[in-house]
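File shown: work-v2.csv. Contents: CSV, N, CA and C atoms.
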chain,number,residue,atom,x,y,z
A,1046,MET,N,99.9,84.8,93.3
A,1046,MET,CA,98.7,85.2,92.6
A,1046,MET,C,98.3,86.6,93.1
A,1047,LEU,N,98.4,86.9,94.4
A,1047,LEU,CA,98.1,88.2,94.9
A,1047,LEU,C,99.0,89.2,94.3
A,1048,HIS,N,100.3,88.9,94.2
A,1048,HIS,CA,101.3,89.8,93.6
A,1048,HIS,C,100.9,90.2,92.2
A,1049,ALA,N,100.5,89.2,91.4
A,1049,ALA,CA,100.1,89.5,90.0
A,1049,ALA,C,98.9,90.4,90.0
A,1050,ALA,N,97.9,90.2,90.9
A,1050,ALA,CA,96.7,91.0,90.9
A,1050,ALA,C,97.1,92.4,91.3
A,1051,LEU,N,98.0,92.6,92.3
A,1051,LEU,CA,98.4,93.9,92.7
A,1051,LEU,C,99.2,94.7,91.6
A,1052,LEU,N,100.0,93.9,90.9
A,1052,LEU,CA,100.8,94.5,89.8
A,1052,LEU,C,99.8,95.0,88.7
A,1053,THR,N,98.8,94.2,88.3
A,1053,THR,CA,97.8,94.5,87.3
A,1053,THR,C,97.1,95.8,87.8
A,1054,LEU,N,96.7,95.8,89.0
A,1054,LEU,CA,95.9,97.0,89.5
A,1054,LEU,C,96.8,98.2,89.5
A,1055,ALA,N,98.1,98.1,89.8
A,1055,ALA,CA,99.0,99.3,89.7
A,1055,ALA,C,99.1,99.8,88.3
A,1056,VAL,N,99.3,98.9,87.3
A,1056,VAL,CA,99.4,99.3,85.9
A,1056,VAL,C,98.1,100.0,85.4
A,1057,LEU,N,97.0,99.4,85.8
A,1057,LEU,CA,95.7,100.0,85.4
A,1057,LEU,C,95.5,101.4,86.0
A,1058,ALA,N,95.9,101.6,87.2
A,1058,ALA,CA,95.7,102.8,88.0
A,1058,ALA,C,96.7,103.9,87.6
A,1059,ALA,N,97.8,103.5,86.9
A,1059,ALA,CA,98.9,104.5,86.6
A,1059,ALA,C,98.3,105.5,85.6
A,1060,PRO,N,98.7,106.8,85.7
A,1060,PRO,CA,98.2,107.8,84.7
A,1060,PRO,C,98.8,107.5,83.4
A,1061,ALA,N,98.0,107.8,82.4
A,1061,ALA,CA,98.5,107.6,81.0
A,1061,ALA,C,99.6,108.6,80.7
A,1062,ALA,N,100.6,108.2,79.9
A,1062,ALA,CA,101.7,109.1,79.5
A,1062,ALA,C,101.2,110.2,78.7
A,1063,GLU,N,101.7,111.4,78.9
A,1063,GLU,CA,101.3,112.6,78.1
A,1063,GLU,C,101.7,112.4,76.7
A,1064,LYS,N,100.8,112.8,75.8
A,1064,LYS,CA,101.2,112.8,74.4
A,1064,LYS,C,102.1,113.9,74.0
A,1065,ALA,N,103.1,113.7,73.2
A,1065,ALA,CA,104.0,114.7,72.8
A,1065,ALA,C,103.3,115.8,72.0
A,1066,LYS,N,103.7,117.0,72.1
A,1066,LYS,CA,103.2,118.1,71.3
A,1066,LYS,C,103.6,117.8,69.8
A,1067,PRO,N,102.7,118.1,68.9
A,1067,PRO,CA,103.0,117.8,67.5
A,1067,PRO,C,104.2,118.6,66.9
A,1068,ALA,N,104.8,118.0,66.0
A,1068,ALA,CA,106.0,118.7,65.3
A,1068,ALA,C,105.5,119.9,64.5
A,1069,THR,N,106.3,120.9,64.5
A,1069,THR,CA,106.0,122.1,63.7
A,1069,THR,C,107.3,122.6,62.9
A,1070,ASN,N,108.4,121.9,63.1
A,1070,ASN,CA,109.6,122.4,62.5
A,1070,ASN,C,109.6,122.1,61.0
A,1071,THR,N,110.3,122.9,60.2
A,1071,THR,CA,110.4,122.8,58.8
A,1071,THR,C,111.9,122.4,58.4
A,1072,LYS,N,112.8,122.4,59.3
A,1072,LYS,CA,114.2,122.0,59.1
A,1072,LYS,C,114.5,120.9,60.1
A,1073,ASP,N,115.3,119.9,59.6
A,1073,ASP,CA,115.8,118.9,60.5
A,1073,ASP,C,116.7,119.6,61.5
A,1074,PRO,N,116.5,119.4,62.8
A,1074,PRO,CA,117.4,120.0,63.8
A,1074,PRO,C,118.9,119.6,63.6
A,1075,VAL,N,119.2,118.4,63.1
A,1075,VAL,CA,120.5,118.0,63.1
A,1075,VAL,C,121.3,118.4,61.8
A,1076,CYS,N,120.7,118.0,60.6
A,1076,CYS,CA,121.4,118.3,59.4
A,1076,CYS,C,120.9,119.5,58.6
A,1077,LYS,N,119.8,120.1,59.1
A,1077,LYS,CA,119.2,121.3,58.5
A,1077,LYS,C,118.5,121.1,57.2
A,1078,MET,N,118.3,119.9,56.8
A,1078,MET,CA,117.5,119.6,55.6
A,1078,MET,C,116.1,120.0,55.8
A,1079,THR,N,115.4,120.4,54.7
A,1079,THR,CA,114.0,120.7,54.8
A,1079,THR,C,113.2,119.4,55.1
A,1080,VAL,N,112.2,119.5,56.0
A,1080,VAL,CA,111.4,118.4,56.3
A,1080,VAL,C,109.9,118.9,56.2
A,1081,ASP,N,109.0,118.0,56.1
A,1081,ASP,CA,107.6,118.3,56.0
A,1081,ASP,C,106.7,117.4,56.8
A,1082,ALA,N,105.4,117.5,56.7
A,1082,ALA,CA,104.5,116.7,57.5
A,1082,ALA,C,104.7,115.2,57.2
A,1083,LYS,N,105.2,114.8,56.1
A,1083,LYS,CA,105.4,113.4,55.7
A,1083,LYS,C,106.7,112.8,56.3
A,1084,SER,N,107.5,113.7,56.8
A,1084,SER,CA,108.8,113.2,57.3
A,1084,SER,C,108.6,112.4,58.6
A,1085,ALA,N,109.6,111.6,59.0
A,1085,ALA,CA,109.6,110.9,60.2
A,1085,ALA,C,109.7,111.9,61.4
A,1086,SER,N,109.3,111.5,62.5
A,1086,SER,CA,109.4,112.3,63.7
A,1086,SER,C,109.9,111.6,64.9
A,1087,VAL,N,110.5,112.3,65.8
A,1087,VAL,CA,111.0,111.7,67.1
A,1087,VAL,C,110.5,112.6,68.2
A,1088,ALA,N,110.2,112.0,69.4
A,1088,ALA,CA,109.8,112.8,70.6
A,1088,ALA,C,111.0,113.0,71.4
A,1089,VAL,N,111.2,114.3,71.8
A,1089,VAL,CA,112.2,114.7,72.7
A,1089,VAL,C,111.6,115.7,73.7
A,1090,ARG,N,111.8,115.5,75.0
A,1090,ARG,CA,111.3,116.4,76.0
A,1090,ARG,C,109.8,116.7,75.8
A,1091,GLY,N,109.0,115.8,75.5
A,1091,GLY,CA,107.6,116.0,75.4
A,1091,GLY,C,107.1,116.7,74.2
A,1092,ARG,N,107.9,116.8,73.2
A,1092,ARG,CA,107.6,117.4,71.9
A,1092,ARG,C,108.2,116.6,70.7
A,1093,GLU,N,107.4,116.6,69.6
A,1093,GLU,CA,107.9,115.9,68.5
A,1093,GLU,C,108.6,116.8,67.5
A,1094,TYR,N,109.6,116.3,66.9
A,1094,TYR,CA,110.4,117.0,65.9
A,1094,TYR,C,110.5,116.2,64.6
A,1095,ARG,N,110.3,116.8,63.5
A,1095,ARG,CA,110.5,116.1,62.2
A,1095,ARG,C,112.0,116.0,61.9
A,1096,VAL,N,112.3,114.8,61.4
A,1096,VAL,CA,113.7,114.5,61.0
A,1096,VAL,C,113.8,113.9,59.6
A,1097,CYS,N,114.9,114.0,59.0
A,1097,CYS,CA,115.0,113.4,57.6
A,1097,CYS,C,115.4,111.9,57.6
A,1098,SER,N,116.0,111.5,58.7
A,1098,SER,CA,116.4,110.1,58.7
A,1098,SER,C,116.5,109.5,60.1
A,1099,LYS,N,116.6,108.2,60.2
A,1099,LYS,CA,116.8,107.5,61.5
A,1099,LYS,C,118.1,108.1,62.2
A,1100,HIS,N,119.1,108.3,61.4
A,1100,HIS,CA,120.4,108.8,62.0
A,1100,HIS,C,120.2,110.1,62.7
A,1101,CYS,N,119.5,111.0,62.0
A,1101,CYS,CA,119.3,112.4,62.6
A,1101,CYS,C,118.4,112.3,63.8
A,1102,GLY,N,117.4,111.4,63.8
A,1102,GLY,CA,116.5,111.2,64.9
A,1102,GLY,C,117.3,110.7,66.1
A,1103,GLU,N,118.2,109.8,65.9
A,1103,GLU,CA,119.0,109.2,67.0
A,1103,GLU,C,120.0,110.3,67.6
A,1104,ALA,N,120.6,111.1,66.7
A,1104,ALA,CA,121.5,112.2,67.1
A,1104,ALA,C,120.7,113.2,67.9
A,1105,LEU,N,119.5,113.5,67.5
A,1105,LEU,CA,118.7,114.5,68.3
A,1105,LEU,C,118.4,114.0,69.7
A,1106,GLN,N,118.0,112.7,69.7
A,1106,GLN,CA,117.6,112.1,71.0
A,1106,GLN,C,118.8,112.0,71.9
A,1107,LYS,N,120.0,111.7,71.4
A,1107,LYS,CA,121.2,111.5,72.1
A,1107,LYS,C,121.7,112.8,72.8
A,1108,ASP,N,121.6,114.0,72.0
A,1108,ASP,CA,122.2,115.2,72.5
A,1108,ASP,C,121.2,116.4,72.1
A,1109,PRO,N,120.0,116.5,72.7
A,1109,PRO,CA,119.1,117.5,72.3
A,1109,PRO,C,119.6,118.9,72.5
A,1110,ASP,N,120.4,119.2,73.5
A,1110,ASP,CA,120.9,120.5,73.8
A,1110,ASP,C,121.8,121.1,72.7
A,1111,LYS,N,122.4,120.2,71.9
A,1111,LYS,CA,123.2,120.6,70.8
A,1111,LYS,C,122.4,121.2,69.6
A,1112,TYR,N,121.1,120.7,69.5
A,1112,TYR,CA,120.3,121.1,68.4
A,1112,TYR,C,119.0,121.9,68.7
A,1113,LEU,N,118.7,122.0,70.0
A,1113,LEU,CA,117.5,122.7,70.4
A,1113,LEU,C,117.8,123.8,71.4
A,1114,GLU,N,117.0,124.9,71.3
A,1114,GLU,CA,117.2,126.0,72.3
A,1114,GLU,C,116.5,125.5,73.6
A,1115,LYS,N,116.7,126.3,74.6
A,1115,LYS,CA,116.1,125.9,75.9
A,1115,LYS,C,114.6,125.9,75.8
A,1116,ASP,N,114.0,126.8,75.0
A,1116,ASP,CA,112.5,126.8,74.9
A,1116,ASP,C,112.0,125.7,73.9
A,1117,GLY,N,112.8,124.9,73.4
A,1117,GLY,CA,112.4,123.8,72.5
A,1117,GLY,C,112.5,124.1,71.0
A,1118,SER,N,112.7,125.3,70.7
A,1118,SER,CA,112.8,125.7,69.3
A,1118,SER,C,114.0,125.1,68.6
A,1119,VAL,N,114.0,124.9,67.4
A,1119,VAL,CA,115.1,124.3,66.6
A,1119,VAL,C,116.1,125.4,66.3
A,1120,LYS,N,117.4,125.2,66.7
A,1120,LYS,CA,118.5,126.1,66.5
A,1120,LYS,C,118.6,126.4,65.0
A,1121,ALA,N,118.5,125.4,64.1
A,1121,ALA,CA,118.7,125.5,62.7
A,1121,ALA,C,117.7,126.4,62.0
A,1122,GLU,N,116.5,126.7,62.7
A,1122,GLU,CA,115.5,127.6,62.2
A,1122,GLU,C,115.6,129.0,62.6
A,1123,LYS,N,116.6,129.3,63.5
A,1123,LYS,CA,116.8,130.7,64.0
A,1123,LYS,C,117.3,131.6,62.9
A,1124,LYS,N,116.8,132.7,62.8
A,1124,LYS,CA,117.3,133.7,61.8
A,1124,LYS,C,118.5,134.4,62.4
A,1125,LYS,N,119.5,134.5,61.5
A,1125,LYS,CA,120.8,135.2,62.0
A,1125,LYS,C,120.6,136.7,61.8
A,1126,ALA,N,120.9,137.4,62.8
A,1126,ALA,CA,120.7,138.9,62.7
A,1126,ALA,C,121.9,139.6,62.0

Would you write out, as structure tokens, the structure that this file holds?
Amino acid sequence: MLHAALLTLAVLAAPAAEKAKPATNTKDPVCKMTVDAKSASVAVRGREYRVCSKHCGEALQKDPDKYLEKDGSVKAEKKKA
């Protein structure tokens, strides 16, 4: 009983998880399709990204370095010089 009380106290005292920064991307990071505010989103590294499908969301979460720059921007949205 004491163990359960301590566990409850620990859970209540734990800091709340930080909310991910809202998505601002207009292209799916994985397939480069156009996305908008109504598109699904996934959280990666404390930031949300809009995606066109569950498949693309899973791919982004599995290998974010493949699709995102170090600063978190979407590689698919970079202008080619």

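Going from atom CA of A:Val1087 to atom CA of A:Glu1114 covers 16.4 Å.
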
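One distance worth recording is that between atom CA of A:Ala1065 and atom CA of A:Gly1091, which is 4.6 Å.
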
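In this model, the gap between atom CA of A:His1100 and atom CA of A:Lys1124 comes to 25.1 Å.
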
Subject >> Distance criterion (only N, CA and C atoms): nearest to A:Lys1064 out of A:Asp1116, A:Cys1101, A:Lys1107, A:Glu1093 >> reply: A:Glu1093

Shell of 8 Å around A:Ala1082, all atoms listed in the file, local chain residues under 3 positions omitted, as a PDB file with N, CA and C atoms, in the frame of the given file:
ATOM      1  N   ALA A1068     104.800 118.000  66.000  1.00  0.00           N
ATOM      2  CA  ALA A1068     106.000 118.700  65.300  1.00  0.00           C
ATOM      3  C   ALA A1068     105.500 119.900  64.500  1.00  0.00           C
ATOM      4  N   ASN A1070     108.400 121.900  63.100  1.00  0.00           N
ATOM      5  CA  ASN A1070     109.600 122.400  62.500  1.00  0.00           C
ATOM      6  C   ASN A1070     109.600 122.100  61.000  1.00  0.00           C
ATOM      7  N   THR A1071     110.300 122.900  60.200  1.00  0.00           N
ATOM      8  CA  THR A1071     110.400 122.800  58.800  1.00  0.00           C
ATOM      9  C   THR A1071     111.900 122.400  58.400  1.00  0.00           C
ATOM     10  N   ALA A1085     109.600 111.600  59.000  1.00  0.00           N
ATOM     11  CA  ALA A1085     109.600 110.900  60.200  1.00  0.00           C
ATOM     12  C   ALA A1085     109.700 111.900  61.400  1.00  0.00           C
ATOM     13  N   SER A1086     109.300 111.500  62.500  1.00  0.00           N
ATOM     14  CA  SER A1086     109.400 112.300  63.700  1.00  0.00           C
ATOM     15  C   SER A1086     109.900 111.600  64.900  1.00  0.00           C
ATOM     16  N   ARG A1095     110.300 116.800  63.500  1.00  0.00           N
ATOM     17  CA  ARG A1095     110.500 116.100  62.200  1.00  0.00           C
ATOM     18  C   ARG A1095     112.000 116.000  61.900  1.00  0.00           C
TER      19      ARG A1095
END

Original post:
Which one is closest to A:Lys1083: A:Val1096, A:Pro1067, A:Val1119, A:Tyr1112? Count all atoms listed in the file.
Top reply: A:Val1096

Subject >> Residue among A:Ser1118, A:Cys1097, A:Asp1110, A:Glu1103 lying closest to A:Lys1077, counting only N, CA and C atoms >> reply: A:Cys1097
